[in-house]
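Data first, discussion second: the structure below is written as structure tokens.
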Amino acid sequence: MTHIPHHERSVQAILFDFDETLATLAQPAADLAVAGANAAAAVLRGAGLDLPDDFEVQWLKALEFAASKSVQEQDEHTADDTLAFLVQFYGYVALDRKLVRQAVDAHFAPFIEASILLPGAHETLTALHADGYYLGIVANHNCDRALQRTVRKLGLHDLVDVTLTSQTVEQRKPKTKLFEVALSYWDVAPYQAVAVGDRLDEDVAPAQDFGLRAVLLTLHPHPSNQQAARLVIPDASLTAWDSFLPLLARWQAEDAAGADDFWADRLPAAPPPLTPDFDPTTPA
């Protein structure tokens, strides 16, 4: 990648979605959910809670309902709060929050273990990090701890400056707060940043609304994109990570040339001639 000094770059920061952008699951999500529900129930029963035989099923239904409410309201309903609310129906009105976290962590452990990087993601982030770009992850997730651990497990923690979730900022994409908070970390303006994600509605649209350039990366096309394509047009569309660095280099070069062309039309070719009797030491 052609090196341009950081202060001269039109793009200084890049924000990535996580699921199906940087990483995916090596096993079906439904199978992992069942394993996670069993693990969470085992933690609670091990602590002495008397739970019904169908607790695992009710827990998964509660998570599904909370997720639908989160999408509808665009405010994150966290996994911790969902579990604390559910066990109230079984008489545990004020369950210890530490136990809640332990059970939720047990639920997400199979997902973390099954997470794998998408081809080219690590290589791309490594190159961007080495070239001095500001890098961040902005993701919808109902358990910040789980995503942070996944990022560490996949070896991305040392490559990105910040990992933000909708639980942390209390708002989900397509609201723009995740982008706003991330860019404030470096004091970078939206026009100096690029967002990369796999969804038009939750990644591309809010990024563009906030003033970023947005790249749709569809290694695994999301079903929502077919309908969203009627309203949202990304600044670029890619199907592989190895296309991103050339795209970024092209944008940087085009922006630099555009700046040169802008001033070329506004600066005189040479300073105006001085009159023979001009004396700069004499006031006009």
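As shown in the structure tokens, the chain order sets the letters A, B, ...; within each chain, residues go from 1, and ligands are also counted from 1 in the order they appear.
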
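Within range 149-205 of chain A, residues classed as strand (DSSP E) by DSSP on backbone coordinates are Val162, Thr163, Leu164, Thr165, Ala193, Val194, Ala195, Val196 and Gly197 of chain A.
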
Using the selection just defined, write its residues with N, CA and C atoms as a tab-separated table (two decimals), in the first residue's frame.
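Result file is part.tsv:
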chain	number	residue	atom	x	y	z
A	162	VAL	N	-10.15	0.69	19.64
A	162	VAL	CA	-11.37	0.71	20.44
A	162	VAL	C	-12.36	-0.31	19.89
A	163	THR	N	-13.05	-1.00	20.81
A	163	THR	CA	-14.14	-1.90	20.46
A	163	THR	C	-15.37	-1.46	21.23
A	164	LEU	N	-16.38	-1.01	20.50
A	164	LEU	CA	-17.60	-0.49	21.11
A	164	LEU	C	-18.79	-1.35	20.72
A	165	THR	N	-19.68	-1.55	21.68
A	165	THR	CA	-20.91	-2.29	21.39
A	165	THR	C	-22.12	-1.44	21.72
A	193	ALA	N	-13.31	9.39	7.83
A	193	ALA	CA	-13.44	7.99	8.25
A	193	ALA	C	-14.22	7.17	7.23
A	194	VAL	N	-13.97	5.86	7.28
A	194	VAL	CA	-14.66	4.89	6.43
A	194	VAL	C	-15.24	3.81	7.33
A	195	ALA	N	-16.46	3.38	7.05
A	195	ALA	CA	-17.08	2.27	7.77
A	195	ALA	C	-17.18	1.07	6.84
A	196	VAL	N	-17.00	-0.11	7.42
A	196	VAL	CA	-17.08	-1.35	6.65
A	196	VAL	C	-18.05	-2.30	7.36
A	197	GLY	N	-19.03	-2.83	6.63
A	197	GLY	CA	-19.97	-3.75	7.24
A	197	GLY	C	-20.67	-4.59	6.19

Pull the closest atom pair for each residue of range 115-194 of chain A that gets at most 10 Å from range 98-108 of chain A, along with the distance in Å to one decimal, counting only C-alpha atoms, ordering rows by chain and then ascending residue number, as CSV.
residue,atom,partner,partner_atom,distance
A:Cys143,CA,A:Val104,CA,8.3
A:Arg145,CA,A:Asp105,CA,7.9
A:Ala146,CA,A:Phe108,CA,6.3
A:Leu147,CA,A:Phe108,CA,9.2
A:Arg149,CA,A:Phe108,CA,9.9
A:Thr150,CA,A:Phe108,CA,9.7

Output N, CA and C atoms for every residue in the selection just made, as a CSV table (one decimal), in the first residue's frame.
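Wrote out.csv, looks like this:
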chain,number,residue,atom,x,y,z
A,143,CYS,N,-24.2,-8.2,24.8
A,143,CYS,CA,-23.2,-8.5,25.9
A,143,CYS,C,-21.9,-8.0,25.5
A,145,ARG,N,-19.1,-7.9,27.2
A,145,ARG,CA,-18.1,-8.8,27.7
A,145,ARG,C,-17.8,-9.9,26.7
A,146,ALA,N,-18.9,-10.4,26.1
A,146,ALA,CA,-18.7,-11.5,25.1
A,146,ALA,C,-18.0,-11.1,23.9
A,147,LEU,N,-18.3,-9.9,23.4
A,147,LEU,CA,-17.6,-9.4,22.2
A,147,LEU,C,-16.2,-9.1,22.5
A,149,ARG,N,-14.2,-10.4,24.6
A,149,ARG,CA,-13.5,-11.7,24.7
A,149,ARG,C,-13.3,-12.3,23.4
A,150,THR,N,-14.3,-12.2,22.5
A,150,THR,CA,-14.1,-12.8,21.2
A,150,THR,C,-13.0,-12.0,20.4

Practice problem: List every residue of range 42-128 of chain A that DSSP, applied to the backbone, labels as helix (DSSP H, G or I), and write the result as an MDAnalysis selection string. | Solution: chainID A and resid 42:46 55:73 79:88 97:114 121:128

Exercise. Tell me which protein, DNA and RNA residues are within 10 Å of Val232 in chain A, counting only C-alpha atoms, leaving out same-chain ones fewer than 5 positions away, and put them as an NGL selection string.
Key: :A and (200-201 or 204-206 or 208 or 225 or 227)

Practice problem: Within 12 Å of range 30-39 of chain A, counting only C-alpha atoms, which residues show up once you throw out same-chain ones fewer than 5 positions away? Write them as a count of residues only, please. | Solution: 32

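By chain and then residue number, the residues within 12 Å of Trp186 in chain A are A:Gln12, A:Ala13, A:Ile14, A:Leu15, A:Tyr133, A:Tyr134, A:Leu135, A:Gly136, A:Asp161, A:Val162, A:Phe179, A:Glu180, A:Val181, A:Ala182, A:Pro190, A:Gln192, A:Ala193, counting only C-alpha atoms and disregarding those fewer than 4 positions away in sequence.
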
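The shell of residues at most 7 Å from Ala121 in chain A, with only C-alpha atoms counted and near chain neighbours (fewer than 3 positions) removed, consists of Leu22, Leu117, Leu118, Thr124, Leu125 and Trp241 of chain A.
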
Kindly export the residues of the current selection with N, CA and C atoms, as a PDB file, in the first residue's frame.
ATOM      1  N   LEU A  22     -15.872  -9.137  10.066  1.00  0.00           N
ATOM      2  CA  LEU A  22     -14.555  -9.607  10.481  1.00  0.00           C
ATOM      3  C   LEU A  22     -14.556 -11.090  10.834  1.00  0.00           C
ATOM      4  N   LEU A 117     -12.139 -15.988  12.253  1.00  0.00           N
ATOM      5  CA  LEU A 117     -11.980 -14.826  11.387  1.00  0.00           C
ATOM      6  C   LEU A 117     -12.336 -15.175   9.950  1.00  0.00           C
ATOM      7  N   LEU A 118     -12.900 -14.220   9.255  1.00  0.00           N
ATOM      8  CA  LEU A 118     -13.161 -14.390   7.833  1.00  0.00           C
ATOM      9  C   LEU A 118     -11.861 -14.242   7.048  1.00  0.00           C
ATOM     10  N   THR A 124      -5.662  -7.821   6.592  1.00  0.00           N
ATOM     11  CA  THR A 124      -6.020  -6.437   6.256  1.00  0.00           C
ATOM     12  C   THR A 124      -5.845  -5.527   7.459  1.00  0.00           C
ATOM     13  N   LEU A 125      -6.341  -5.928   8.611  1.00  0.00           N
ATOM     14  CA  LEU A 125      -6.209  -5.100   9.810  1.00  0.00           C
ATOM     15  C   LEU A 125      -4.751  -4.950  10.225  1.00  0.00           C
ATOM     16  N   TRP A 241     -11.928  -9.425   1.375  1.00  0.00           N
ATOM     17  CA  TRP A 241     -11.114  -8.473   2.124  1.00  0.00           C
ATOM     18  C   TRP A 241      -9.893  -7.998   1.338  1.00  0.00           C
TER      19      TRP A 241
END

Range 167-178 of chain A environment, 8 Å, only C-alpha atoms, sequence neighbours closer than 3 positions dropped, as a PDB file with N, CA and C atoms, in the first residue's frame:
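File selection.pdb, as written:
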ATOM      1  N   SER A  70     -35.054  -4.873  20.887  1.00  0.00           N
ATOM      2  CA  SER A  70     -33.882  -4.038  20.636  1.00  0.00           C
ATOM      3  C   SER A  70     -33.885  -3.503  19.215  1.00  0.00           C
ATOM      4  N   VAL A  71     -34.208  -4.366  18.266  1.00  0.00           N
ATOM      5  CA  VAL A  71     -34.259  -3.939  16.867  1.00  0.00           C
ATOM      6  C   VAL A  71     -35.377  -2.919  16.662  1.00  0.00           C
ATOM      7  N   GLN A  74     -34.320   0.218  18.802  1.00  0.00           N
ATOM      8  CA  GLN A  74     -32.958   0.655  18.521  1.00  0.00           C
ATOM      9  C   GLN A  74     -32.196   1.020  19.803  1.00  0.00           C
ATOM     10  N   ASP A  75     -32.662   0.520  20.925  1.00  0.00           N
ATOM     11  CA  ASP A  75     -31.960   0.619  22.209  1.00  0.00           C
ATOM     12  C   ASP A  75     -31.677  -0.804  22.668  1.00  0.00           C
ATOM     13  N   GLU A  76     -30.462  -1.060  23.146  1.00  0.00           N
ATOM     14  CA  GLU A  76     -30.067  -2.433  23.436  1.00  0.00           C
ATOM     15  C   GLU A  76     -30.663  -2.953  24.741  1.00  0.00           C
ATOM     16  N   HIS A  77     -31.357  -4.079  24.656  1.00  0.00           N
ATOM     17  CA  HIS A  77     -31.815  -4.805  25.836  1.00  0.00           C
ATOM     18  C   HIS A  77     -30.765  -5.888  26.114  1.00  0.00           C
ATOM     19  N   THR A  78     -30.008  -5.736  27.183  1.00  0.00           N
ATOM     20  CA  THR A  78     -28.836  -6.566  27.397  1.00  0.00           C
ATOM     21  C   THR A  78     -29.206  -7.967  27.849  1.00  0.00           C
ATOM     22  N   VAL A 138     -17.271  -1.388  15.776  1.00  0.00           N
ATOM     23  CA  VAL A 138     -18.548  -0.864  16.268  1.00  0.00           C
ATOM     24  C   VAL A 138     -19.622  -1.887  15.929  1.00  0.00           C
ATOM     25  N   ALA A 139     -20.185  -2.525  16.958  1.00  0.00           N
ATOM     26  CA  ALA A 139     -21.048  -3.678  16.705  1.00  0.00           C
ATOM     27  C   ALA A 139     -22.281  -3.668  17.591  1.00  0.00           C
ATOM     28  N   ASN A 140     -23.379  -4.107  17.014  1.00  0.00           N
ATOM     29  CA  ASN A 140     -24.565  -4.388  17.816  1.00  0.00           C
ATOM     30  C   ASN A 140     -24.334  -5.697  18.578  1.00  0.00           C
ATOM     31  N   HIS A 141     -24.457  -5.644  19.898  1.00  0.00           N
ATOM     32  CA  HIS A 141     -24.270  -6.854  20.707  1.00  0.00           C
ATOM     33  C   HIS A 141     -24.905  -6.631  22.065  1.00  0.00           C
ATOM     34  N   ASN A 142     -25.598  -7.660  22.553  1.00  0.00           N
ATOM     35  CA  ASN A 142     -26.286  -7.520  23.834  1.00  0.00           C
ATOM     36  C   ASN A 142     -25.434  -7.905  25.037  1.00  0.00           C
ATOM     37  N   CYS A 143     -24.168  -8.237  24.796  1.00  0.00           N
ATOM     38  CA  CYS A 143     -23.243  -8.523  25.904  1.00  0.00           C
ATOM     39  C   CYS A 143     -21.853  -8.050  25.518  1.00  0.00           C
ATOM     40  N   ASP A 144     -21.467  -6.895  26.018  1.00  0.00           N
ATOM     41  CA  ASP A 144     -20.170  -6.315  25.671  1.00  0.00           C
ATOM     42  C   ASP A 144     -19.028  -7.243  26.062  1.00  0.00           C
ATOM     43  N   LEU A 164     -16.380  -1.007  20.497  1.00  0.00           N
ATOM     44  CA  LEU A 164     -17.600  -0.491  21.111  1.00  0.00           C
ATOM     45  C   LEU A 164     -18.786  -1.348  20.715  1.00  0.00           C
ATOM     46  N   VAL A 181     -19.396   8.049  18.966  1.00  0.00           N
ATOM     47  CA  VAL A 181     -18.529   7.798  20.117  1.00  0.00           C
ATOM     48  C   VAL A 181     -17.153   7.305  19.670  1.00  0.00           C
ATOM     49  N   ALA A 182     -17.129   6.418  18.687  1.00  0.00           N
ATOM     50  CA  ALA A 182     -15.846   5.886  18.216  1.00  0.00           C
ATOM     51  C   ALA A 182     -14.961   6.983  17.638  1.00  0.00           C
ATOM     52  N   ASP A 201     -28.617  -1.777   5.860  1.00  0.00           N
ATOM     53  CA  ASP A 201     -29.497  -1.043   6.769  1.00  0.00           C
ATOM     54  C   ASP A 201     -28.841  -0.679   8.087  1.00  0.00           C
ATOM     55  N   GLU A 202     -27.974  -1.543   8.627  1.00  0.00           N
ATOM     56  CA  GLU A 202     -27.405  -1.309   9.955  1.00  0.00           C
ATOM     57  C   GLU A 202     -25.954  -0.858   9.933  1.00  0.00           C
ATOM     58  N   ASP A 203     -25.294  -0.945   8.796  1.00  0.00           N
ATOM     59  CA  ASP A 203     -23.885  -0.544   8.710  1.00  0.00           C
ATOM     60  C   ASP A 203     -23.693   0.636   7.749  1.00  0.00           C
ATOM     61  N   ALA A 205     -26.019   2.496   5.880  1.00  0.00           N
ATOM     62  CA  ALA A 205     -26.925   3.652   5.993  1.00  0.00           C
ATOM     63  C   ALA A 205     -26.581   4.570   7.168  1.00  0.00           C
ATOM     64  N   PRO A 206     -26.409   4.064   8.398  1.00  0.00           N
ATOM     65  CA  PRO A 206     -26.096   4.978   9.498  1.00  0.00           C
ATOM     66  C   PRO A 206     -24.726   5.628   9.360  1.00  0.00           C
ATOM     67  N   ALA A 207     -23.764   4.905   8.788  1.00  0.00           N
ATOM     68  CA  ALA A 207     -22.449   5.511   8.575  1.00  0.00           C
ATOM     69  C   ALA A 207     -22.551   6.697   7.622  1.00  0.00           C
ATOM     70  N   ASP A 209     -25.246   8.397   6.970  1.00  0.00           N
ATOM     71  CA  ASP A 209     -26.049   9.443   7.624  1.00  0.00           C
ATOM     72  C   ASP A 209     -25.186  10.328   8.513  1.00  0.00           C
ATOM     73  N   PHE A 210     -24.154   9.728   9.117  1.00  0.00           N
ATOM     74  CA  PHE A 210     -23.282  10.488  10.022  1.00  0.00           C
ATOM     75  C   PHE A 210     -22.142  11.169   9.284  1.00  0.00           C
TER      76      PHE A 210
END

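For the residues A:Arg152, A:Arg199, A:His157, A:His129, ranking by smallest atom-to-atom distance to Pro221 in chain A using only C-alpha atoms places A:Arg199 first.
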